Amino acid sequence: MPGGATPLLIGLSAVMVAVEDDTPLVLVTRRETGEDALPFGPFNPDEHRTFDLSLRGWVREQTGFELGYVEQLYTFGDKDREMPEATLSGAPAHARVISVGYLALTPDARPAGAPFEARWQGWYRYFPWEDHRSGRPAMIDEEIVPRLYTWAAGKERRLERARIAFGIDGARWAEERVLDRYELLYEAGLVAECGRDAGLPEPDIRLGETMASDHRRILATAISRLRGKIKYRPVVFELMPERFTLSALQKTMEAILGLGLHTQNFRRALDKTGLVQGTGAMETGTGGRPAALYRYCRDQAAATAAPGLATPRRPAD
């Protein structure tokens with residue numbers, strides 16, 4: 001490199017999301033360190049015409065999956081975020097790795113199978129404080145909040161960030177602030193990645209499973225994006241099979257948001273969009289009352305937003 005400049009390497013990180021049995025899943029690989037990691041591959045400008053084609057190609061090679069819905073998330077380029085030799089074969093040890101993150105949605109969470117080592121994991125194993133479907137997780141007020149108050153003592157700006165991020169002192173829990181909450185915990189030294197990156201001991205609590213490099217931050221970015229977008233664009237249908245019940249659709253929304261939804265409001269809002277159409281068939285064999293099967297009207301969605309579908313269920317409901 002001229003002038004001894006640091007070489008730049010461009011990689012692509014894929015956050016592949018599916019929902020199965022009311023559990024939001026993300027596809028992960030395993031690093032030699034034992035940490036989970038997002039699928040990651042190099043971009044070679046001499047071989048790849050576009051980022052998108054490169055991403056689809058190496059995801060197919062690494063995991064056996066063909067990507068469907070994909071959108072670009074963000075570019076992650078913090079210094080020392082990745083060890084080049086651990087991610088890109090033959091990379092110079094002093095290179096700086098820039099990663100372009102992508103969000104991919106699929107209705108099919110099938111096992112990757114041999115020879116692929118990728119596997120699906122529930123994303124709440126990495127962010128256990130984010131699942132509020134059965135109420136506010138006890139760990140927030142019992143473990144996280146006291147430590148945040150200690151960290152923020154006497155610093156009003158820190159206190160205000162903690163209140164907003166974690167819904168403290170009457171502040172509303174904003175489900176789409178996943179990235180804000182993770183970055184606050186990192187800054188406060190409460191997640192293991194912080195100690196690892198700084199060469200310090202791990203914190204005295206275990207707040208979710210760690211991920212390699214800044215991959216938990218990339219995953220938090222993807223969840224934030226999806227939780228926000230699912231409220232106004234019909235991307236939830238990219239996670240659904242060709243035919244589905246309205247109950248399954250609602251449960252998928254709830255799994256992504258980490259919140260319960262008001263069923264009547266959800267059905268009413270869905271009716272107004274015209275995004276689903278009955279197939280005339282019924283779901284049977286579940287042991288319960290047969291339920292009507294619907295399909296997604298993709299043509300209608302081209303000009304339709306989906307406002308109001310994600311109306312949270314309040315405690316009084």
# chains A, B, ... in the order shown; residues from 1 in each chain; ligands from 1
call {"tool": "select_by_dssp", "arguments": {"residues": "region 77-317 of chain A", "states": "alpha helix (DSSP H)", "output": "MDAnalysis selection string"}}
result
chainID A and resid 84:87 138:139 145:152 156:166 178:187 192:198 215:229 246:257 263:273 298:301
call {"tool": "closest_atom_pairs", "arguments": {"of": "region 221-297 of chain A", "to": "region 109-129 of chain A", "cutoff": "10 Å", "atoms": "only C-alpha atoms", "output": "JSON lines"}}
result
{"residue": "A:Ile223", "atom": "CA", "partner": "A:Trp123", "partner_atom": "CA", "distance": 9.0}
{"residue": "A:Leu239", "atom": "CA", "partner": "A:Ala109", "partner_atom": "CA", "distance": 9.7}
{"residue": "A:Ala255", "atom": "CA", "partner": "A:Tyr124", "partner_atom": "CA", "distance": 9.8}
{"residue": "A:Ile256", "atom": "CA", "partner": "A:Trp123", "partner_atom": "CA", "distance": 9.6}
{"residue": "A:Gly258", "atom": "CA", "partner": "A:Tyr124", "partner_atom": "CA", "distance": 9.1}
call {"tool": "write_last_selection", "arguments": {"atoms": "all heavy atoms", "output": "compact mmCIF listing (two decimals), in the first residue's frame"}}
result
# COMPACT_ATOMS: atom_id res chain seq x y z
N ILE A 223 -32.19 -6.70 14.41
CA ILE A 223 -33.46 -6.84 15.14
C ILE A 223 -34.14 -5.49 15.25
O ILE A 223 -35.36 -5.38 15.08
CB ILE A 223 -33.21 -7.46 16.53
CG1 ILE A 223 -32.62 -8.86 16.40
CG2 ILE A 223 -34.52 -7.53 17.32
CD1 ILE A 223 -32.18 -9.47 17.73
N LEU A 239 -41.49 -14.21 6.17
CA LEU A 239 -41.19 -15.24 7.17
C LEU A 239 -42.27 -16.32 7.23
O LEU A 239 -42.14 -17.27 8.00
CB LEU A 239 -41.07 -14.58 8.56
CG LEU A 239 -39.92 -13.58 8.72
CD1 LEU A 239 -40.13 -12.73 9.96
CD2 LEU A 239 -38.58 -14.30 8.77
N ALA A 255 -43.37 -12.84 18.04
CA ALA A 255 -42.04 -13.39 18.25
C ALA A 255 -40.96 -12.38 17.86
O ALA A 255 -39.97 -12.21 18.57
CB ALA A 255 -41.87 -14.67 17.43
N ILE A 256 -41.16 -11.70 16.75
CA ILE A 256 -40.19 -10.70 16.29
C ILE A 256 -40.16 -9.50 17.23
O ILE A 256 -39.09 -9.02 17.64
CB ILE A 256 -40.52 -10.25 14.86
CG1 ILE A 256 -40.37 -11.41 13.88
CG2 ILE A 256 -39.65 -9.05 14.46
CD1 ILE A 256 -38.97 -11.94 13.76
N GLY A 258 -41.20 -9.33 20.34
CA GLY A 258 -41.00 -9.64 21.75
C GLY A 258 -42.11 -9.08 22.60
O GLY A 258 -41.94 -8.84 23.80
call {"tool": "closest_residue", "arguments": {"among": "A:Ile144, A:Arg196, A:Arg172, A:Asp180", "to": "Ala220 (chain A)", "atoms": "only C-alpha atoms"}}
result
A:Asp180
call {"tool": "select_by_dssp", "arguments": {"residues": "region 81-178 of chain A", "states": "strand (DSSP E or B)", "output": "short mmCIF file (atom, residue, chain, number, x, y, z; two decimals) with all heavy atoms, in the first residue's frame"}}
result
data_model
loop_
_atom_site.label_atom_id
_atom_site.label_comp_id
_atom_site.auth_asym_id
_atom_site.auth_seq_id
_atom_site.Cartn_x
_atom_site.Cartn_y
_atom_site.Cartn_z
N ARG A 96 -7.42 -3.76 8.10
CA ARG A 96 -8.66 -3.35 8.79
C ARG A 96 -9.83 -3.95 8.04
O ARG A 96 -9.96 -3.79 6.82
CB ARG A 96 -8.76 -1.83 8.82
CG ARG A 96 -9.94 -1.31 9.64
CD ARG A 96 -9.74 0.16 9.95
NE ARG A 96 -10.86 0.72 10.69
CZ ARG A 96 -10.89 1.97 11.15
NH1 ARG A 96 -9.85 2.77 10.96
NH2 ARG A 96 -11.94 2.40 11.81
N VAL A 97 -10.70 -4.65 8.77
CA VAL A 97 -11.82 -5.35 8.14
C VAL A 97 -13.09 -4.52 8.24
O VAL A 97 -13.55 -4.19 9.33
CB VAL A 97 -12.05 -6.73 8.80
CG1 VAL A 97 -13.20 -7.46 8.11
CG2 VAL A 97 -10.78 -7.57 8.73
N ILE A 98 -13.62 -4.16 7.09
CA ILE A 98 -14.90 -3.44 7.01
C ILE A 98 -15.98 -4.46 6.65
O ILE A 98 -15.81 -5.25 5.72
CB ILE A 98 -14.86 -2.35 5.92
CG1 ILE A 98 -13.66 -1.41 6.12
CG2 ILE A 98 -16.17 -1.57 5.91
CD1 ILE A 98 -13.67 -0.67 7.42
N SER A 99 -17.06 -4.46 7.40
CA SER A 99 -18.13 -5.42 7.15
C SER A 99 -19.43 -4.70 6.79
O SER A 99 -19.86 -3.79 7.50
CB SER A 99 -18.37 -6.29 8.39
OG SER A 99 -19.42 -7.22 8.15
N VAL A 100 -20.01 -5.09 5.67
CA VAL A 100 -21.32 -4.58 5.27
C VAL A 100 -22.35 -5.61 5.72
O VAL A 100 -22.31 -6.76 5.29
CB VAL A 100 -21.40 -4.37 3.75
CG1 VAL A 100 -22.76 -3.79 3.36
CG2 VAL A 100 -20.28 -3.44 3.28
N GLY A 101 -23.24 -5.19 6.63
CA GLY A 101 -24.23 -6.11 7.18
C GLY A 101 -25.49 -6.17 6.34
O GLY A 101 -25.92 -5.16 5.79
N TYR A 102 -26.07 -7.36 6.25
CA TYR A 102 -27.30 -7.57 5.51
C TYR A 102 -28.31 -8.31 6.38
O TYR A 102 -27.94 -9.18 7.18
CB TYR A 102 -27.05 -8.39 4.24
CG TYR A 102 -26.43 -7.60 3.12
CD1 TYR A 102 -25.06 -7.38 3.09
CD2 TYR A 102 -27.22 -7.05 2.10
CE1 TYR A 102 -24.48 -6.64 2.06
CE2 TYR A 102 -26.64 -6.32 1.08
CZ TYR A 102 -25.28 -6.11 1.07
OH TYR A 102 -24.71 -5.38 0.06
N LEU A 103 -29.58 -7.99 6.19
CA LEU A 103 -30.68 -8.70 6.81
C LEU A 103 -31.37 -9.54 5.75
O LEU A 103 -31.74 -9.03 4.69
CB LEU A 103 -31.68 -7.70 7.42
CG LEU A 103 -33.02 -8.27 7.91
CD1 LEU A 103 -32.80 -9.22 9.08
CD2 LEU A 103 -33.97 -7.13 8.30
N ALA A 104 -31.51 -10.83 6.03
CA ALA A 104 -32.17 -11.74 5.11
C ALA A 104 -33.28 -12.48 5.84
O ALA A 104 -33.09 -12.92 6.98
CB ALA A 104 -31.17 -12.75 4.53
N LEU A 105 -34.44 -12.60 5.22
CA LEU A 105 -35.60 -13.27 5.83
C LEU A 105 -35.98 -14.51 5.03
O LEU A 105 -35.95 -14.49 3.80
CB LEU A 105 -36.79 -12.31 5.88
CG LEU A 105 -36.55 -10.94 6.53
CD1 LEU A 105 -37.84 -10.11 6.50
CD2 LEU A 105 -36.06 -11.10 7.95
N ARG A 119 -25.93 -23.37 11.92
CA ARG A 119 -27.09 -23.89 12.65
C ARG A 119 -27.95 -22.71 13.09
O ARG A 119 -27.48 -21.59 13.21
CB ARG A 119 -26.64 -24.71 13.87
CG ARG A 119 -25.93 -23.90 14.93
CD ARG A 119 -25.13 -24.78 15.87
NE ARG A 119 -24.61 -24.00 17.00
CZ ARG A 119 -23.60 -23.15 16.93
NH1 ARG A 119 -22.99 -22.94 15.79
NH2 ARG A 119 -23.20 -22.48 17.99
N TRP A 120 -29.21 -23.01 13.34
CA TRP A 120 -30.16 -21.98 13.79
C TRP A 120 -30.15 -21.89 15.31
O TRP A 120 -30.17 -22.91 15.99
CB TRP A 120 -31.56 -22.30 13.30
CG TRP A 120 -31.72 -22.25 11.82
CD1 TRP A 120 -31.65 -23.29 10.94
CD2 TRP A 120 -31.94 -21.08 11.03
NE1 TRP A 120 -31.83 -22.85 9.66
CE2 TRP A 120 -32.01 -21.50 9.67
CE3 TRP A 120 -32.10 -19.73 11.33
CZ2 TRP A 120 -32.23 -20.59 8.63
CZ3 TRP A 120 -32.31 -18.83 10.28
CH2 TRP A 120 -32.38 -19.26 8.96
N GLN A 121 -30.16 -20.66 15.82
CA GLN A 121 -30.25 -20.42 17.25
C GLN A 121 -31.32 -19.35 17.51
O GLN A 121 -31.46 -18.41 16.72
CB GLN A 121 -28.91 -19.92 17.82
CG GLN A 121 -27.78 -20.93 17.76
CD GLN A 121 -27.88 -21.97 18.87
OE1 GLN A 121 -28.92 -22.18 19.47
NE2 GLN A 121 -26.76 -22.62 19.16
N GLY A 122 -32.05 -19.50 18.62
CA GLY A 122 -33.01 -18.48 18.99
C GLY A 122 -32.30 -17.18 19.34
O GLY A 122 -31.32 -17.20 20.09
N ARG A 133 -43.00 -11.13 25.85
CA ARG A 133 -44.29 -11.74 25.54
C ARG A 133 -45.00 -12.26 26.77
O ARG A 133 -46.23 -12.32 26.81
CB ARG A 133 -44.10 -12.85 24.50
CG ARG A 133 -43.82 -12.34 23.10
CD ARG A 133 -43.51 -13.47 22.14
NE ARG A 133 -42.21 -14.08 22.43
CZ ARG A 133 -41.72 -15.13 21.79
NH1 ARG A 133 -42.44 -15.70 20.82
NH2 ARG A 133 -40.53 -15.62 22.09
N GLY A 135 -44.43 -10.89 29.77
CA GLY A 135 -44.21 -9.84 30.76
C GLY A 135 -42.76 -9.38 30.76
O GLY A 135 -41.89 -9.97 30.11
#
call {"tool": "closest_atom_pairs", "arguments": {"of": "region 216-310 of chain A", "to": "region 23-38 of chain A", "cutoff": "12 Å", "atoms": "only C-alpha atoms", "output": "tab-separated table"}}
result
residue	atom	partner	partner_atom	distance
A:Arg216	CA	A:Ala37	CA	8.3
A:Arg217	CA	A:Leu38	CA	10.8
A:Ile218	CA	A:Leu38	CA	8.7
A:Leu219	CA	A:Leu38	CA	8.2
A:Ala220	CA	A:Val26	CA	11.4
A:Ala222	CA	A:Val26	CA	10.4
A:Ile223	CA	A:Pro24	CA	10.0
A:Leu226	CA	A:Pro24	CA	11.5
A:Arg227	CA	A:Pro24	CA	11.7
A:Val236	CA	A:Pro24	CA	11.8
A:Leu239	CA	A:Pro24	CA	9.9
A:Ala248	CA	A:Thr23	CA	11.7
A:Lys251	CA	A:Thr23	CA	9.2
A:Thr252	CA	A:Pro24	CA	8.0
A:Met253	CA	A:Pro24	CA	9.7
A:Glu254	CA	A:Thr23	CA	9.5
A:Ala255	CA	A:Pro24	CA	5.9
A:Ile256	CA	A:Pro24	CA	6.1
A:Leu257	CA	A:Pro24	CA	9.5
A:Gly258	CA	A:Pro24	CA	9.3
call {"tool": "atom_distance", "arguments": {"atom1": "CA of Ala212 (chain A)", "atom2": "CA of Arg181 (chain A)"}}
result
18.6 Å
call {"tool": "closest_residue", "arguments": {"among": "A:Asp22, A:Glu47, A:Glu187, A:Asp108", "to": "Leu148 (chain A)", "atoms": "only C-alpha atoms"}}
result
A:Glu187
call {"tool": "residues_around", "arguments": {"residues": "region 159-161 of chain A", "least_positions_apart": "5", "cutoff": "12 Å", "atoms": "only C-alpha atoms", "output": "ChimeraX atom specification"}}
result
/A:145-154,166-171,177,180-185,187-188
call {"tool": "closest_residue", "arguments": {"among": "A:Thr50, A:Asn44, A:Thr6, A:Thr106", "to": "Glu66 (chain A)", "atoms": "only C-alpha atoms"}}
result
A:Thr106
call {"tool": "decode", "arguments": {"residues": "region 210-303 of chain A", "atoms": "C-alpha atoms", "output": "mmCIF file, in the first residue's frame"}}
result
data_model
loop_
_atom_site.group_PDB
_atom_site.id
_atom_site.type_symbol
_atom_site.label_atom_id
_atom_site.label_comp_id
_atom_site.auth_asym_id
_atom_site.auth_seq_id
_atom_site.Cartn_x
_atom_site.Cartn_y
_atom_site.Cartn_z
ATOM 1 C CA THR A 210 -21.532 -13.685 23.570
ATOM 2 C CA MET A 211 -20.784 -13.545 19.862
ATOM 3 C CA ALA A 212 -17.507 -13.167 17.990
ATOM 4 C CA SER A 213 -16.171 -9.707 17.174
ATOM 5 C CA ASP A 214 -19.050 -7.178 17.043
ATOM 6 C CA HIS A 215 -21.538 -9.690 15.692
ATOM 7 C CA ARG A 216 -23.940 -9.211 18.614
ATOM 8 C CA ARG A 217 -24.011 -5.526 17.710
ATOM 9 C CA ILE A 218 -24.726 -6.412 14.075
ATOM 10 C CA LEU A 219 -27.517 -8.749 15.197
ATOM 11 C CA ALA A 220 -28.943 -6.025 17.464
ATOM 12 C CA THR A 221 -28.936 -3.662 14.478
ATOM 13 C CA ALA A 222 -30.856 -6.220 12.421
ATOM 14 C CA ILE A 223 -33.455 -6.839 15.141
ATOM 15 C CA SER A 224 -33.947 -3.092 15.604
ATOM 16 C CA ARG A 225 -34.448 -2.649 11.865
ATOM 17 C CA LEU A 226 -36.874 -5.560 11.587
ATOM 18 C CA ARG A 227 -38.891 -4.542 14.646
ATOM 19 C CA GLY A 228 -39.290 -1.048 13.256
ATOM 20 C CA LYS A 229 -39.980 -2.041 9.668
ATOM 21 C CA ILE A 230 -42.461 -4.810 10.472
ATOM 22 C CA LYS A 231 -44.899 -2.153 11.717
ATOM 23 C CA TYR A 232 -45.201 -0.255 8.458
ATOM 24 C CA ARG A 233 -44.123 -2.627 5.681
ATOM 25 C CA PRO A 234 -45.439 -6.184 5.107
ATOM 26 C CA VAL A 235 -42.037 -7.863 5.540
ATOM 27 C CA VAL A 236 -43.537 -10.299 8.063
ATOM 28 C CA PHE A 237 -44.907 -12.298 5.118
ATOM 29 C CA GLU A 238 -41.343 -13.084 4.012
ATOM 30 C CA LEU A 239 -41.194 -15.236 7.171
ATOM 31 C CA MET A 240 -44.447 -17.070 6.493
ATOM 32 C CA PRO A 241 -45.120 -20.217 4.441
ATOM 33 C CA GLU A 242 -47.278 -19.992 1.350
ATOM 34 C CA ARG A 243 -50.424 -20.728 3.407
ATOM 35 C CA PHE A 244 -50.865 -19.789 7.052
ATOM 36 C CA THR A 245 -53.464 -19.126 9.727
ATOM 37 C CA LEU A 246 -54.048 -15.638 11.115
ATOM 38 C CA SER A 247 -53.067 -16.944 14.530
ATOM 39 C CA ALA A 248 -49.703 -18.099 13.155
ATOM 40 C CA LEU A 249 -49.207 -14.719 11.503
ATOM 41 C CA GLN A 250 -49.888 -12.912 14.786
ATOM 42 C CA LYS A 251 -47.558 -15.206 16.716
ATOM 43 C CA THR A 252 -44.793 -14.538 14.195
ATOM 44 C CA MET A 253 -45.273 -10.794 14.667
ATOM 45 C CA GLU A 254 -45.182 -11.263 18.435
ATOM 46 C CA ALA A 255 -42.036 -13.393 18.246
ATOM 47 C CA ILE A 256 -40.187 -10.699 16.294
ATOM 48 C CA LEU A 257 -41.410 -7.803 18.449
ATOM 49 C CA GLY A 258 -41.000 -9.637 21.752
ATOM 50 C CA LEU A 259 -44.448 -8.328 22.703
ATOM 51 C CA GLY A 260 -47.997 -9.597 22.846
ATOM 52 C CA LEU A 261 -50.452 -8.070 20.366
ATOM 53 C CA HIS A 262 -54.109 -7.246 20.887
ATOM 54 C CA THR A 263 -55.817 -9.909 18.771
ATOM 55 C CA GLN A 264 -58.936 -7.952 17.835
ATOM 56 C CA ASN A 265 -56.943 -4.858 16.900
ATOM 57 C CA PHE A 266 -54.523 -6.974 14.909
ATOM 58 C CA ARG A 267 -57.300 -8.690 12.936
ATOM 59 C CA ARG A 268 -59.097 -5.385 12.364
ATOM 60 C CA ALA A 269 -55.952 -3.677 11.063
ATOM 61 C CA LEU A 270 -55.116 -6.656 8.879
ATOM 62 C CA ASP A 271 -58.580 -6.589 7.294
ATOM 63 C CA LYS A 272 -58.066 -2.941 6.316
ATOM 64 C CA THR A 273 -54.832 -3.644 4.448
ATOM 65 C CA GLY A 274 -56.182 -6.285 2.096
ATOM 66 C CA LEU A 275 -52.848 -8.072 2.363
ATOM 67 C CA VAL A 276 -54.288 -11.530 3.031
ATOM 68 C CA GLN A 277 -56.886 -13.595 1.230
ATOM 69 C CA GLY A 278 -58.630 -16.759 2.302
ATOM 70 C CA THR A 279 -57.700 -19.901 0.388
ATOM 71 C CA GLY A 280 -60.885 -21.787 1.200
ATOM 72 C CA ALA A 281 -58.821 -24.510 2.891
ATOM 73 C CA MET A 282 -58.649 -25.331 6.579
ATOM 74 C CA GLU A 283 -55.736 -26.353 8.771
ATOM 75 C CA THR A 284 -56.410 -29.719 10.347
ATOM 76 C CA GLY A 285 -54.475 -32.281 12.328
ATOM 77 C CA THR A 286 -53.329 -29.860 15.049
ATOM 78 C CA GLY A 287 -55.601 -31.401 17.675
ATOM 79 C CA GLY A 288 -57.589 -28.211 18.034
ATOM 80 C CA ARG A 289 -60.385 -26.461 16.207
ATOM 81 C CA PRO A 290 -59.714 -26.247 12.428
ATOM 82 C CA ALA A 291 -58.562 -22.773 11.357
ATOM 83 C CA ALA A 292 -58.890 -21.079 7.992
ATOM 84 C CA LEU A 293 -55.767 -20.835 5.854
ATOM 85 C CA TYR A 294 -54.805 -17.595 4.146
ATOM 86 C CA ARG A 295 -52.235 -16.453 1.616
ATOM 87 C CA TYR A 296 -50.274 -13.241 1.156
ATOM 88 C CA CYS A 297 -51.462 -10.934 -1.639
ATOM 89 C CA ARG A 298 -48.086 -9.756 -2.903
ATOM 90 C CA ASP A 299 -49.553 -7.613 -5.695
ATOM 91 C CA GLN A 300 -51.610 -5.669 -3.178
ATOM 92 C CA ALA A 301 -48.545 -5.154 -0.989
ATOM 93 C CA ALA A 302 -46.646 -3.298 -3.702
ATOM 94 C CA ALA A 303 -48.588 -0.136 -2.890
#
